[in-house]
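**Student:** Here it is, the structure, as structure tokens.
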Amino acid sequence: MDAMDAMTVDTRADERPDAPADAPADDPVERWHDAHAHEWDERMYQSPVGAAIREAELRAVLDHTGPLTGLRVLDAATGTGRFAGKFLEGGAKHVTGVDVAAKMLDRARARLGTLDPTGERFDLARTSIHELDLEDAAFDLVCSVGAIEHVAGEKKAIAELARVLRPGGRIILATASGHCVQRGLVRWLERRITGLPKHLHRREELAGWLDAAGVEMERASFCGVSRWRGLAVRIVVSGTKRA
Ligand SMILES: C[S@@+](CC[C@H](N)C(=O)[O-])C[C@H]1O[C@@H](n2cnc3c(N)ncnc32)[C@H](O)[C@@H]1O
């Protein structure tokens, strides 16, 4: 196992029989998100640049979804439920949010509970995008924002996301852009701020992983403080699962 694999092994507290229920996670990605869940949304809007990137990403992703009415949607790595909430507001029939970080899921529960107090139109589960505890072909739309940049084994994660998508359904992935000319700076900032691994992805690479998972990539767009590909820090791709 190399150093990167070792950093991303999914060993959750509830899978360690001797660990107390609230023991910190072994996985640094989960541990970092759990530790910052209480201030997550506020922290993201602290700097004008951070806020601009987050808003641009929100608009770009929603531009890829198309009409949401009546859809069964999976928000994979939902965090505090930012996108899951938009999908509910957009008229989705049912939204499932999954994440590895229990405290992020607590915040998502609070957000979605205000939008759907009966709780009938959403559910949340703690599961990894590498091995989703979900049925095959259960969703019309699968969306994952901000997760595959932190995980090793993106090909496996994308195959898993495609597995739970029905044929003809749409998948949307938003991640850190490998086309950005300031890639070194982006990686340095991530190391300095979170200490987490940051994988930057290029359009062709994402298209290849989607293709291997049975998905035809149809569209890519770029966003951040600029939409020009060379300066955009985020890439959003979408496609349809082949029948
Ligand atoms: C940058 S946040 C994005 C949250 C949300 N999608 C959004 O855009 O607001 C990344 C989220 O991915 C989750 N995450 C990281 N690795 C994951 C994995 N392997 N499976 C599920 N969730 C994961 C983290 O816990 C965190 O909540």
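Residues are named by chain letter and number: chains run A, B, ... in the order of the structure tokens, numbers start at 1 in each chain, and ligands are numbered from 1 in the order shown.
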Could you name the residues that touch Asp133 in chain A at 12 Å or less, counting only C-alpha atoms, but leaving out those on the same chain fewer than 2 positions away, as a short mmCIF file (atom, residue, chain, number, x, y, z; two decimals) with N, CA and C atoms, in the first residue's frame?

**Tutor:**
data_model
loop_
_atom_site.label_atom_id
_atom_site.label_comp_id
_atom_site.auth_asym_id
_atom_site.auth_seq_id
_atom_site.Cartn_x
_atom_site.Cartn_y
_atom_site.Cartn_z
N ALA A 76 -24.16 12.38 -3.82
CA ALA A 76 -23.10 11.55 -3.24
C ALA A 76 -21.99 12.44 -2.70
N THR A 96 -31.64 11.26 -1.90
CA THR A 96 -30.81 10.52 -0.95
C THR A 96 -29.46 11.22 -0.88
N GLY A 97 -29.03 11.53 0.33
CA GLY A 97 -27.70 12.13 0.50
C GLY A 97 -26.82 11.15 1.24
N VAL A 98 -25.61 10.94 0.74
CA VAL A 98 -24.67 10.07 1.46
C VAL A 98 -23.36 10.81 1.70
N ASP A 99 -22.69 10.41 2.75
CA ASP A 99 -21.40 11.02 3.08
C ASP A 99 -20.70 10.11 4.08
N VAL A 100 -19.36 10.23 4.16
CA VAL A 100 -18.65 9.44 5.17
C VAL A 100 -18.60 10.15 6.52
N LEU A 124 -30.82 10.10 4.45
CA LEU A 124 -29.37 10.34 4.53
C LEU A 124 -28.71 9.08 5.06
N ALA A 125 -27.54 8.75 4.52
CA ALA A 125 -26.86 7.54 4.97
C ALA A 125 -25.36 7.76 4.98
N ARG A 126 -24.74 7.13 5.95
CA ARG A 126 -23.28 7.23 6.05
C ARG A 126 -22.67 6.07 5.28
N THR A 127 -22.19 6.37 4.10
CA THR A 127 -21.59 5.33 3.25
C THR A 127 -20.61 6.00 2.29
N SER A 128 -19.63 5.23 1.85
CA SER A 128 -18.59 5.81 1.00
C SER A 128 -18.94 5.67 -0.47
N ILE A 129 -18.52 6.65 -1.25
CA ILE A 129 -18.78 6.57 -2.69
C ILE A 129 -17.98 5.41 -3.33
N HIS A 130 -17.04 4.85 -2.60
CA HIS A 130 -16.31 3.69 -3.12
C HIS A 130 -17.11 2.41 -3.03
N GLU A 131 -18.05 2.39 -2.10
CA GLU A 131 -18.81 1.16 -1.87
C GLU A 131 -20.16 1.57 -1.31
N GLU A 135 -28.98 0.16 -3.82
CA GLU A 135 -29.37 -0.78 -4.89
C GLU A 135 -28.86 -0.32 -6.27
N ASP A 136 -28.69 -1.27 -7.17
CA ASP A 136 -28.37 -0.95 -8.57
C ASP A 136 -29.51 -0.12 -9.17
N ALA A 138 -30.99 2.61 -8.93
CA ALA A 138 -32.05 3.15 -8.06
C ALA A 138 -32.35 4.63 -8.31
N GLU A 160 -18.94 3.04 -9.22
CA GLU A 160 -19.94 2.79 -8.17
C GLU A 160 -21.11 3.78 -8.29
N LEU A 161 -20.80 5.03 -8.60
CA LEU A 161 -21.87 6.03 -8.80
C LEU A 161 -22.72 5.64 -10.01
N ARG A 163 -23.18 2.62 -11.13
CA ARG A 163 -23.93 1.38 -10.82
C ARG A 163 -25.32 1.70 -10.28
N VAL A 164 -25.42 2.73 -9.45
CA VAL A 164 -26.72 3.02 -8.82
C VAL A 164 -27.61 3.91 -9.70
#

**Student:** When DSSP works through the backbone of this structure, what residues of range 40-114 of chain A end up as alpha helix (DSSP H), shown as number ranges by chain?

**Tutor:** A: 40-44, 48-65, 82-89, 102-114

**Student:** Pick out the residues sitting within 9 Å of Leu206 in chain A, and hand them over as a PyMOL selection string; count only C-alpha atoms, and ignore anything fewer than 5 positions along from it in its own chain.

**Tutor:** chain A and resi 155+158+173+201+211+217+237

**Student:** Against range 38-61 of chain A, which residues of range 80-139 of chain A fall within 12 Å? For each one I want the closest pair of atoms and the distance in Å (one decimal), counting only C-alpha atoms, rows by chain and increasing residue number, as a Markdown table.

**Tutor:**
| residue | atom | partner | partner_atom | distance |
| --- | --- | --- | --- | --- |
| A:Thr80 | CA | A:Asp41 | CA | 7.6 |
| A:Gly81 | CA | A:Asp41 | CA | 10.2 |
| A:Arg82 | CA | A:Leu58 | CA | 8.7 |
| A:Phe83 | CA | A:Leu58 | CA | 7.8 |
| A:Ala84 | CA | A:Leu58 | CA | 11.5 |
| A:Gly85 | CA | A:Leu58 | CA | 11.6 |
| A:Lys86 | CA | A:Leu58 | CA | 9.3 |
| A:Phe87 | CA | A:Val61 | CA | 11.0 |
| A:Ala101 | CA | A:His38 | CA | 11.8 |
| A:Ala102 | CA | A:His38 | CA | 11.4 |
| A:Lys103 | CA | A:His38 | CA | 7.7 |
| A:Met104 | CA | A:His38 | CA | 7.9 |
| A:Leu105 | CA | A:His38 | CA | 10.9 |
| A:Asp106 | CA | A:His38 | CA | 9.4 |
| A:Arg107 | CA | A:His38 | CA | 7.7 |
| A:Ala108 | CA | A:Asp41 | CA | 10.9 |
| A:Ala110 | CA | A:His38 | CA | 11.8 |
| A:Arg111 | CA | A:Asp41 | CA | 11.3 |

**Student:** When you draw a straight line from CA of Ala92 in chain A to CA of Arg72 in chain A, how long is it in Å?

**Tutor:**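 It comes out at 6.3 Å.
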
**Student:** For the atom pair atom 19 (N, counted along the ligand's line) of ligand 1 and CA of Arg234 in chain A, what is the interatomic distance in Å to one decimal place?

**Tutor:** 18.9 Å

**Student:** May I ask which of the residues A:Ile235, A:Ala162, A:Val95, A:Ile172 is the closest one to Glu218 in chain A, counting only C-alpha atoms?

**Tutor:**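 The answer is A:Ile172, which sits nearest to Glu218 in chain A.
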
**Student:** Have a look at atom 23 (C, counted along the ligand's line) of ligand 1 and CA of Gly119 in chain A and let me know their distance in Å, one decimal.

**Tutor:** 22.5 Å

**Student:** Pick the closest to Cys143 in chain A from A:Arg191, A:His64, A:Arg109, A:Arg31: which is it, counting only C-alpha atoms?

**Tutor:**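 Comparing A:Arg191, A:His64, A:Arg109, A:Arg31 against Cys143 in chain A, the winner is A:His64.
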
**Student:** Going by DSSP on the backbone, which residues of range 6-239 of chain A come out as strand (DSSP E)? List them as number ranges by chain.

**Tutor:** A: 72-76, 94-99, 122-126, 139-145, 165-176, 215-223, 234-239

**Student:** Please determine, counting only C-alpha atoms, which residue among A:Lys156, A:Gly224, A:Leu134, A:Gly146 has the shortest atom-to-atom distance to His33 in chain A.

**Tutor:**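 Looking at the shortest contact to His33 in chain A, the residue is A:Gly146.
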
**Student:** Fewer than 5 positions away in the same chain doesn't count, so skip those; otherwise give me all residues within 7 Å of range 226-230 of chain A, counting only C-alpha atoms, as JSON, numbers by chain.

**Tutor:** {"A": [179, 180, 181]}

**Student:** Since we have the selection now, will you write its residues out, keeping C-alpha atoms, as a short mmCIF file (atom, residue, chain, number, x, y, z; two decimals), in the first residue's frame?

**Tutor:**
data_model
loop_
_atom_site.label_atom_id
_atom_site.label_comp_id
_atom_site.auth_asym_id
_atom_site.auth_seq_id
_atom_site.Cartn_x
_atom_site.Cartn_y
_atom_site.Cartn_z
CA HIS A 179 -6.77 22.40 -16.76
CA CYS A 180 -6.15 25.33 -14.42
CA VAL A 181 -2.81 27.02 -15.07
#

**Student:** Considering only C-alpha atoms and all ligand atoms, state which residue in the set A:Cys223, A:Leu231, A:Leu196, A:Val186 is at the smallest distance from ligand 1.

**Tutor:** A:Leu196

**Student:** Find, counting only C-alpha atoms and all ligand atoms, the residue in A:Asp27, A:Asp123, A:Glu89, A:Glu216 that gets nearest to ligand 1.

**Tutor:**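 Using only C-alpha atoms and all ligand atoms, ligand 1 sits closest to A:Asp27.
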